[in-house]
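*Asks:* This is coords37.csv (CSV, N, CA and C atoms).
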```csv
chain,number,residue,atom,x,y,z
A,538,MET,N,-20.8,19.8,38.2
A,538,MET,CA,-21.5,18.7,37.5
A,538,MET,C,-21.7,19.2,36.0
A,539,LEU,N,-22.3,20.4,35.9
A,539,LEU,CA,-22.5,20.9,34.5
A,539,LEU,C,-21.3,21.0,33.7
A,540,GLN,N,-20.2,21.4,34.4
A,540,GLN,CA,-18.9,21.6,33.7
A,540,GLN,C,-18.4,20.2,33.2
A,541,PHE,N,-18.6,19.1,34.0
A,541,PHE,CA,-18.2,17.8,33.7
A,541,PHE,C,-19.0,17.3,32.4
A,542,ILE,N,-20.3,17.6,32.4
A,542,ILE,CA,-21.1,17.2,31.3
A,542,ILE,C,-20.7,18.0,30.0
A,543,LYS,N,-20.4,19.2,30.1
A,543,LYS,CA,-20.0,20.0,29.0
A,543,LYS,C,-18.6,19.5,28.5
A,544,LYS,N,-17.7,19.2,29.4
A,544,LYS,CA,-16.4,18.7,29.0
A,544,LYS,C,-16.4,17.4,28.3
A,545,HIS,N,-17.4,16.5,28.7
A,545,HIS,CA,-17.5,15.1,28.2
A,545,HIS,C,-18.7,14.8,27.4
A,546,LYS,N,-19.3,15.8,26.8
A,546,LYS,CA,-20.6,15.6,26.1
A,546,LYS,C,-20.6,14.5,25.1
A,547,PHE,N,-19.5,14.4,24.3
A,547,PHE,CA,-19.5,13.4,23.3
A,547,PHE,C,-19.3,12.0,23.9
A,548,THR,N,-18.5,11.9,24.9
A,548,THR,CA,-18.3,10.7,25.6
A,548,THR,C,-19.6,10.2,26.2
A,549,ILE,N,-20.3,11.1,26.8
A,549,ILE,CA,-21.6,10.7,27.4
A,549,ILE,C,-22.6,10.3,26.3
A,550,ALA,N,-22.6,11.0,25.2
A,550,ALA,CA,-23.5,10.7,24.1
A,550,ALA,C,-23.1,9.3,23.5
A,551,PHE,N,-21.8,9.1,23.4
A,551,PHE,CA,-21.4,7.8,22.8
A,551,PHE,C,-21.8,6.6,23.7
A,552,LEU,N,-21.5,6.7,25.0
A,552,LEU,CA,-21.9,5.7,26.0
A,552,LEU,C,-23.4,5.5,26.0
A,553,SER,N,-24.2,6.6,26.0
A,553,SER,CA,-25.6,6.5,26.0
A,553,SER,C,-26.1,5.8,24.7
A,554,PHE,N,-25.5,6.1,23.6
A,554,PHE,CA,-26.0,5.5,22.4
A,554,PHE,C,-25.7,4.0,22.3
A,555,THR,N,-24.5,3.6,22.9
A,555,THR,CA,-24.2,2.2,23.0
A,555,THR,C,-25.3,1.5,23.8
A,556,LEU,N,-25.7,2.1,24.9
A,556,LEU,CA,-26.7,1.5,25.7
A,556,LEU,C,-28.1,1.5,25.0
A,557,LEU,N,-28.4,2.5,24.2
A,557,LEU,CA,-29.6,2.5,23.5
A,557,LEU,C,-29.6,1.4,22.4
A,558,ILE,N,-28.5,1.2,21.7
A,558,ILE,CA,-28.4,0.1,20.8
A,558,ILE,C,-28.6,-1.3,21.5
A,559,TRP,N,-28.0,-1.4,22.6
A,559,TRP,CA,-28.2,-2.7,23.4
A,559,TRP,C,-29.6,-2.9,23.7
A,560,ILE,N,-30.3,-1.9,24.2
A,560,ILE,CA,-31.7,-2.0,24.7
A,560,ILE,C,-32.6,-2.4,23.4
A,561,LEU,N,-32.4,-1.6,22.3
A,561,LEU,CA,-33.2,-1.9,21.2
A,561,LEU,C,-32.9,-3.2,20.6
A,562,SER,N,-31.7,-3.7,20.6
A,562,SER,CA,-31.4,-5.0,20.1
A,562,SER,C,-31.9,-6.2,21.0
A,563,SER,N,-32.4,-5.8,22.2
A,563,SER,CA,-32.9,-6.8,23.1
A,563,SER,C,-34.4,-7.0,22.9
A,564,ILE,N,-35.0,-6.1,22.1
A,564,ILE,CA,-36.5,-6.3,21.8
A,564,ILE,C,-36.7,-7.3,20.7
A,565,PRO,N,-37.5,-8.3,21.0
A,565,PRO,CA,-37.8,-9.3,20.0
A,565,PRO,C,-38.4,-8.6,18.7
A,566,ARG,N,-38.0,-9.1,17.5
A,566,ARG,CA,-38.4,-8.4,16.3
A,566,ARG,C,-39.9,-8.4,16.1
A,567,TYR,N,-40.6,-9.4,16.6
A,567,TYR,CA,-42.0,-9.4,16.4
A,567,TYR,C,-42.8,-8.3,17.2
A,568,HIS,N,-42.1,-7.6,18.1
A,568,HIS,CA,-42.7,-6.5,18.9
A,568,HIS,C,-42.5,-5.2,18.2
A,569,ILE,N,-41.8,-5.2,17.0
A,569,ILE,CA,-41.6,-3.9,16.3
A,569,ILE,C,-42.7,-3.8,15.3
A,570,PRO,N,-43.4,-2.6,15.3
A,570,PRO,CA,-44.6,-2.5,14.4
A,570,PRO,C,-44.2,-2.6,13.0
A,571,GLU,N,-45.0,-3.2,12.2
A,571,GLU,CA,-44.8,-3.5,10.8
A,571,GLU,C,-44.4,-2.2,10.0
A,572,GLY,N,-45.0,-1.1,10.3
A,572,GLY,CA,-44.8,0.1,9.5
A,572,GLY,C,-43.4,0.7,9.8
A,573,LEU,N,-42.8,0.3,10.9
A,573,LEU,CA,-41.4,0.8,11.3
A,573,LEU,C,-40.3,-0.1,10.8
A,574,ARG,N,-40.7,-1.2,10.2
A,574,ARG,CA,-39.6,-2.1,9.7
A,574,ARG,C,-39.0,-1.6,8.4
A,575,ILE,N,-37.7,-1.4,8.4
A,575,ILE,CA,-37.0,-0.9,7.3
A,575,ILE,C,-36.0,-2.0,7.0
A,576,ASN,N,-35.4,-1.9,5.8
A,576,ASN,CA,-34.3,-2.9,5.4
A,576,ASN,C,-33.3,-2.9,6.6
A,577,ASP,N,-33.1,-4.1,7.1
A,577,ASP,CA,-32.2,-4.3,8.2
A,577,ASP,C,-30.8,-3.8,8.1
A,578,LYS,N,-30.2,-3.9,6.9
A,578,LYS,CA,-28.9,-3.5,6.7
A,578,LYS,C,-28.8,-2.0,6.7
A,579,VAL,N,-29.8,-1.3,6.2
A,579,VAL,CA,-29.9,0.2,6.2
A,579,VAL,C,-29.9,0.7,7.6
A,580,ILE,N,-30.7,0.1,8.5
A,580,ILE,CA,-30.7,0.4,9.9
A,580,ILE,C,-29.3,0.3,10.5
A,581,HIS,N,-28.7,-0.9,10.3
A,581,HIS,CA,-27.4,-1.1,10.9
A,581,HIS,C,-26.4,-0.1,10.4
A,582,ILE,N,-26.4,0.2,9.1
A,582,ILE,CA,-25.4,1.2,8.6
A,582,ILE,C,-25.7,2.6,9.3
A,583,PHE,N,-26.9,3.0,9.3
A,583,PHE,CA,-27.2,4.3,9.9
A,583,PHE,C,-26.8,4.4,11.4
A,584,GLU,N,-27.3,3.4,12.2
A,584,GLU,CA,-27.0,3.4,13.6
A,584,GLU,C,-25.5,3.3,13.9
A,585,PHE,N,-24.8,2.6,13.1
A,585,PHE,CA,-23.3,2.5,13.4
A,585,PHE,C,-22.5,3.6,12.8
A,586,ALA,N,-23.1,4.3,11.8
A,586,ALA,CA,-22.5,5.5,11.3
A,586,ALA,C,-22.5,6.6,12.5
A,587,LEU,N,-23.7,6.7,13.1
A,587,LEU,CA,-23.8,7.6,14.3
A,587,LEU,C,-22.9,7.1,15.4
A,588,LEU,N,-22.8,5.8,15.6
A,588,LEU,CA,-21.9,5.3,16.7
A,588,LEU,C,-20.4,5.7,16.4
A,589,GLY,N,-20.0,5.5,15.1
A,589,GLY,CA,-18.7,5.8,14.7
A,589,GLY,C,-18.4,7.3,14.8
A,590,LEU,N,-19.3,8.1,14.4
A,590,LEU,CA,-19.1,9.6,14.6
A,590,LEU,C,-19.0,9.9,16.0
A,591,LEU,N,-19.9,9.5,16.9
A,591,LEU,CA,-19.8,9.8,18.3
A,591,LEU,C,-18.6,9.2,18.9
A,592,GLY,N,-18.2,8.0,18.5
A,592,GLY,CA,-17.0,7.4,19.1
A,592,GLY,C,-15.7,8.2,18.7
A,593,SER,N,-15.7,8.7,17.5
A,593,SER,CA,-14.5,9.5,17.1
A,593,SER,C,-14.5,10.8,17.8
A,594,LEU,N,-15.6,11.5,18.0
A,594,LEU,CA,-15.7,12.7,18.7
A,594,LEU,C,-15.4,12.5,20.2
A,595,ALA,N,-15.8,11.4,20.8
A,595,ALA,CA,-15.5,11.1,22.2
A,595,ALA,C,-14.0,10.8,22.3
A,596,TYR,N,-13.5,10.1,21.4
A,596,TYR,CA,-12.0,9.8,21.4
A,596,TYR,C,-11.2,11.1,21.4
A,597,ASN,N,-11.6,12.0,20.5
A,597,ASN,CA,-10.9,13.3,20.4
A,597,ASN,C,-11.1,14.1,21.7
A,598,GLU,N,-12.2,14.0,22.3
A,598,GLU,CA,-12.5,14.7,23.5
A,598,GLU,C,-11.6,14.3,24.7
A,599,ILE,N,-11.3,13.0,24.7
A,599,ILE,CA,-10.4,12.4,25.8
A,599,ILE,C,-8.9,12.6,25.4
A,600,TRP,N,-8.6,12.2,24.2
A,600,TRP,CA,-7.2,12.3,23.8
A,600,TRP,C,-7.1,13.4,22.7
A,601,LYS,N,-7.1,14.6,23.1
A,601,LYS,CA,-7.2,15.8,22.2
A,601,LYS,C,-6.1,15.8,21.1
A,602,ASN,N,-4.9,15.5,21.4
A,602,ASN,CA,-3.8,15.7,20.5
A,602,ASN,C,-3.4,14.5,19.7
A,603,GLU,N,-4.2,13.5,19.8
A,603,GLU,CA,-3.8,12.3,19.0
A,603,GLU,C,-4.0,12.5,17.5
A,604,LYS,N,-3.2,11.9,16.7
A,604,LYS,CA,-3.4,12.0,15.2
A,604,LYS,C,-4.7,11.3,14.9
A,605,TYR,N,-5.3,11.8,13.8
A,605,TYR,CA,-6.6,11.3,13.4
A,605,TYR,C,-6.6,9.9,13.0
A,606,CYS,N,-5.5,9.4,12.4
A,606,CYS,CA,-5.4,8.0,12.0
A,606,CYS,C,-5.5,7.1,13.2
A,607,ILE,N,-4.9,7.4,14.3
A,607,ILE,CA,-4.9,6.6,15.5
A,607,ILE,C,-6.3,6.6,16.0
A,608,ASN,N,-7.0,7.8,16.0
A,608,ASN,CA,-8.4,7.9,16.5
A,608,ASN,C,-9.2,7.0,15.6
A,609,ALA,N,-9.1,7.1,14.3
A,609,ALA,CA,-9.9,6.4,13.4
A,609,ALA,C,-9.8,4.9,13.5
A,610,VAL,N,-8.6,4.4,13.6
A,610,VAL,CA,-8.3,2.9,13.8
A,610,VAL,C,-8.9,2.4,15.1
A,611,THR,N,-8.6,3.2,16.2
A,611,THR,CA,-9.1,2.7,17.5
A,611,THR,C,-10.6,2.8,17.5
A,612,THR,N,-11.2,3.8,17.0
A,612,THR,CA,-12.7,3.9,17.0
A,612,THR,C,-13.3,2.8,16.1
A,613,PHE,N,-12.7,2.6,15.0
A,613,PHE,CA,-13.2,1.5,14.1
A,613,PHE,C,-13.1,0.1,14.8
A,614,ILE,N,-12.0,-0.2,15.5
A,614,ILE,CA,-11.9,-1.5,16.2
A,614,ILE,C,-12.9,-1.6,17.3
A,615,VAL,N,-13.0,-0.5,18.1
A,615,VAL,CA,-14.0,-0.5,19.3
A,615,VAL,C,-15.4,-0.7,18.8
A,616,CYS,N,-15.8,0.2,17.8
A,616,CYS,CA,-17.2,0.2,17.4
A,616,CYS,C,-17.6,-1.1,16.6
A,617,SER,N,-16.7,-1.5,15.8
A,617,SER,CA,-16.9,-2.8,15.0
A,617,SER,C,-17.0,-4.0,16.0
A,618,ALA,N,-16.1,-4.0,17.0
A,618,ALA,CA,-16.2,-5.1,18.0
A,618,ALA,C,-17.5,-5.0,18.8
A,619,TYR,N,-18.0,-3.8,19.1
A,619,TYR,CA,-19.2,-3.7,19.7
A,619,TYR,C,-20.4,-4.2,18.8
A,620,GLY,N,-20.3,-4.0,17.5
A,620,GLY,CA,-21.2,-4.5,16.6
A,620,GLY,C,-21.2,-6.0,16.6
A,621,GLY,N,-20.0,-6.6,16.7
A,621,GLY,CA,-19.9,-8.1,16.8
A,621,GLY,C,-20.5,-8.6,18.1
A,622,VAL,N,-20.2,-8.0,19.2
A,622,VAL,CA,-20.8,-8.4,20.5
A,622,VAL,C,-22.3,-8.2,20.4
A,623,ASP,N,-22.8,-7.2,19.8
A,623,ASP,CA,-24.3,-7.0,19.7
A,623,ASP,C,-24.9,-8.1,18.9
A,624,GLU,N,-24.3,-8.5,17.8
A,624,GLU,CA,-24.8,-9.6,17.0
A,624,GLU,C,-24.8,-10.9,17.8
A,625,LEU,N,-23.8,-11.1,18.6
A,625,LEU,CA,-23.8,-12.3,19.4
A,625,LEU,C,-24.9,-12.2,20.4
A,626,HIS,N,-25.1,-11.1,21.0
A,626,HIS,CA,-26.2,-10.8,22.0
A,626,HIS,C,-27.5,-11.1,21.4
A,627,GLN,N,-27.7,-10.7,20.1
A,627,GLN,CA,-29.0,-10.9,19.5
A,627,GLN,C,-29.3,-12.4,19.2
A,628,TYR,N,-28.2,-13.2,19.1
A,628,TYR,CA,-28.4,-14.6,18.9
A,628,TYR,C,-29.2,-15.3,20.1
A,629,PHE,N,-29.1,-14.7,21.3
A,629,PHE,CA,-29.8,-15.2,22.4
A,629,PHE,C,-31.1,-14.6,22.7
A,630,ILE,N,-31.6,-13.7,21.9
A,630,ILE,CA,-32.9,-13.0,22.0
A,630,ILE,C,-33.9,-13.8,21.2
A,631,ILE,N,-35.0,-14.2,21.8
A,631,ILE,CA,-36.1,-14.9,21.1
A,631,ILE,C,-36.6,-13.9,20.1
A,632,GLY,N,-36.8,-14.4,18.8
A,632,GLY,CA,-37.4,-13.6,17.8
A,632,GLY,C,-36.3,-12.7,17.1
A,633,ARG,N,-35.1,-12.8,17.4
A,633,ARG,CA,-34.0,-12.1,16.8
A,633,ARG,C,-33.0,-13.1,16.2
A,634,ASN,N,-32.1,-12.7,15.4
A,634,ASN,CA,-31.1,-13.5,14.9
A,634,ASN,C,-29.8,-12.7,14.7
A,635,SER,N,-28.7,-13.3,14.6
A,635,SER,CA,-27.5,-12.6,14.3
A,635,SER,C,-27.0,-13.1,13.0
A,636,SER,N,-26.3,-12.2,12.3
A,636,SER,CA,-25.7,-12.6,11.0
A,636,SER,C,-24.4,-11.8,10.7
A,637,PHE,N,-23.6,-12.5,10.0
A,637,PHE,CA,-22.3,-11.9,9.6
A,637,PHE,C,-22.6,-10.7,8.7
A,638,GLY,N,-23.6,-10.7,7.9
A,638,GLY,CA,-24.0,-9.6,7.1
A,638,GLY,C,-24.3,-8.3,7.9
A,639,ASP,N,-25.0,-8.5,9.0
A,639,ASP,CA,-25.3,-7.4,9.9
A,639,ASP,C,-24.0,-6.8,10.5
A,640,PHE,N,-23.1,-7.7,10.8
A,640,PHE,CA,-21.8,-7.2,11.3
A,640,PHE,C,-21.0,-6.4,10.3
A,641,ILE,N,-21.1,-6.9,9.0
A,641,ILE,CA,-20.4,-6.1,7.9
A,641,ILE,C,-21.1,-4.8,7.8
A,642,ALA,N,-22.5,-4.7,7.8
A,642,ALA,CA,-23.2,-3.5,7.7
A,642,ALA,C,-22.8,-2.5,8.9
A,643,ASP,N,-22.6,-3.1,10.1
A,643,ASP,CA,-22.2,-2.3,11.2
A,643,ASP,C,-20.8,-1.7,10.9
A,644,SER,N,-19.9,-2.4,10.4
A,644,SER,CA,-18.6,-2.0,10.2
A,644,SER,C,-18.5,-0.9,9.1
A,645,ILE,N,-19.4,-1.1,8.0
A,645,ILE,CA,-19.5,-0.1,7.0
A,645,ILE,C,-20.0,1.2,7.5
A,646,GLY,N,-21.0,1.1,8.4
A,646,GLY,CA,-21.6,2.3,9.1
A,646,GLY,C,-20.5,3.0,9.9
A,647,VAL,N,-19.7,2.3,10.6
A,647,VAL,CA,-18.6,2.9,11.4
A,647,VAL,C,-17.7,3.7,10.5
A,648,LEU,N,-17.3,3.1,9.3
A,648,LEU,CA,-16.5,3.8,8.4
A,648,LEU,C,-17.1,5.1,7.9
A,649,ILE,N,-18.4,5.0,7.6
A,649,ILE,CA,-19.1,6.2,7.2
A,649,ILE,C,-19.1,7.3,8.3
A,650,GLY,N,-19.3,6.9,9.5
A,650,GLY,CA,-19.3,7.8,10.6
A,650,GLY,C,-17.9,8.4,10.8
A,651,LEU,N,-16.9,7.6,10.6
A,651,LEU,CA,-15.5,8.1,10.7
A,651,LEU,C,-15.2,9.1,9.6
A,652,GLY,N,-15.8,8.9,8.4
A,652,GLY,CA,-15.6,9.8,7.3
A,652,GLY,C,-16.3,11.2,7.6
A,653,ILE,N,-17.5,11.1,8.2
A,653,ILE,CA,-18.2,12.3,8.6
A,653,ILE,C,-17.3,13.1,9.7
A,654,ALA,N,-16.8,12.3,10.6
A,654,ALA,CA,-16.0,12.9,11.7
A,654,ALA,C,-14.7,13.6,11.1
A,655,TYR,N,-14.1,13.0,10.1
A,655,TYR,CA,-13.0,13.5,9.5
A,655,TYR,C,-13.3,14.8,8.8
A,656,PHE,N,-14.5,14.8,8.1
A,656,PHE,CA,-15.0,16.0,7.4
A,656,PHE,C,-15.2,17.2,8.4
A,657,ILE,N,-15.8,16.9,9.5
A,657,ILE,CA,-16.1,17.9,10.5
A,657,ILE,C,-14.8,18.4,11.1
A,658,ARG,N,-13.9,17.5,11.4
A,658,ARG,CA,-12.6,17.9,11.9
A,658,ARG,C,-11.8,18.8,10.9
A,659,SER,N,-11.8,18.4,9.7
A,659,SER,CA,-11.1,19.2,8.7
A,659,SER,C,-11.7,20.6,8.5
A,660,LYS,N,-13.0,20.7,8.6
A,660,LYS,CA,-13.7,22.0,8.5
A,660,LYS,C,-13.4,22.9,9.7
A,661,LYS,N,-13.3,22.3,10.9
A,661,LYS,CA,-12.9,23.1,12.1
A,661,LYS,C,-11.5,23.6,11.9
A,662,LYS,N,-10.6,22.9,11.3
A,662,LYS,CA,-9.2,23.3,11.2
A,662,LYS,C,-9.1,24.5,10.1
A,663,ASP,N,-10.0,24.5,9.2
A,663,ASP,CA,-10.1,25.5,8.1
A,663,ASP,C,-10.6,26.8,8.7
A,664,GLN,N,-11.3,26.8,9.8
A,664,GLN,CA,-11.9,28.1,10.3
A,664,GLN,C,-10.8,28.9,11.0
A,665,PRO,N,-10.8,30.2,10.8
A,665,PRO,CA,-9.8,31.0,11.5
A,665,PRO,C,-10.2,31.1,13.0
A,666,ASP,N,-9.2,31.2,13.8
A,666,ASP,CA,-9.4,31.4,15.3
A,666,ASP,C,-10.2,32.7,15.5
A,667,ALA,N,-11.1,32.7,16.5
A,667,ALA,CA,-11.8,33.9,16.8
A,667,ALA,C,-10.9,34.9,17.6
A,668,PRO,N,-11.0,36.2,17.4
A,668,PRO,CA,-10.1,37.1,18.1
A,668,PRO,C,-10.3,37.1,19.5
```
Do you think you could lay out the structure here as structure tokens?
*Replies:*
Amino acid sequence: MLQFIKKHKFTIAFLSFTLLIWILSSIPRYHIPEGLRINDKVIHIFEFALLGLLGSLAYNEIWKNEKYCINAVTTFIVCSAYGGVDELHQYFIIGRNSSFGDFIADSIGVLIGLGIAYFIRSKKKDQPDAP
């Protein structure tokens, strides 16, 4: 079991984070304390940057030898589509609303996360193999 978790740590983190986003977006906005309210678009960008990063790492964990551009396009489509579904989901939550602007912020966040994943991946390639 521990071996499975180690082998699929990013996939588990990605799936867990998608569940966390779903749960948090199910909370009516008026239940969020006033002091914790930050610009909505900033939150969307940060949370979907993390989702894009985890999605890219999970993709690489499953399909190790895929070219990064295939990883990036697939991750972008999946994570942005999830953002769209989440916005639709919020439409049905009392005290929440959905907006196209939030979907755009989600997609921008995914692109940022993919950029971070690319940076991490390029740094790993630059490191010499251990003896």
*Asks:* Excluding Thr548 of chain A and any residue of its chain fewer than 6 positions from it, enumerate the residues within 6.5 Å of it, using all atoms listed in the file, and give them as a JSON list (two decimals) with N, CA and C atoms, in the frame of the given file.
*Replies:*
```json
[["chain", "number", "residue", "atom", "x", "y", "z"],
["A", 594, "LEU", "N", -15.60, 11.50, 18.00],
["A", 594, "LEU", "CA", -15.70, 12.70, 18.70],
["A", 594, "LEU", "C", -15.40, 12.50, 20.20],
["A", 595, "ALA", "N", -15.80, 11.40, 20.80],
["A", 595, "ALA", "CA", -15.50, 11.10, 22.20],
["A", 595, "ALA", "C", -14.00, 10.80, 22.30],
["A", 596, "TYR", "N", -13.50, 10.10, 21.40],
["A", 596, "TYR", "CA", -12.00, 9.80, 21.40],
["A", 596, "TYR", "C", -11.20, 11.10, 21.40]]
```
*Asks:* So, with all atoms listed in the file as the atoms that count, which of A:Tyr655, A:Phe640, A:Phe551, A:Tyr605 lies closest to Gly592 of chain A?
*Replies:*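 Counting all atoms listed in the file, the residue closest to Gly592 of chain A is A:Phe551.
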*Asks:* Using only C-alpha atoms - which residues lie no farther than 12 Å from the point (-34.1, -5.6, 23.1) in the file's frame? Write them as a list in words.
*Replies:*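 Counting only C-alpha atoms, I find these residues within 12 Å of (-34.1, -5.6, 23.1): Leu556, Leu557, Ile558, Trp559, Ile560, Leu561, Ser562, Ser563, Ile564, Pro565, Arg566, Tyr567, His568, Ile569, Asp623, Glu624, His626, Gln627, Tyr628, Phe629, Ile630, Ile631, Gly632, Arg633 and Asn634 of chain A.
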*Asks:* Would you kindly identify which residues have an atom no farther than 10 Å from (-21.2, 10.2, 19.2), using only C-alpha atoms and the file's own coordinates, and write them out as a PyMOL selection string?
*Replies:* chain A and resi 546-555+585-596+650+654
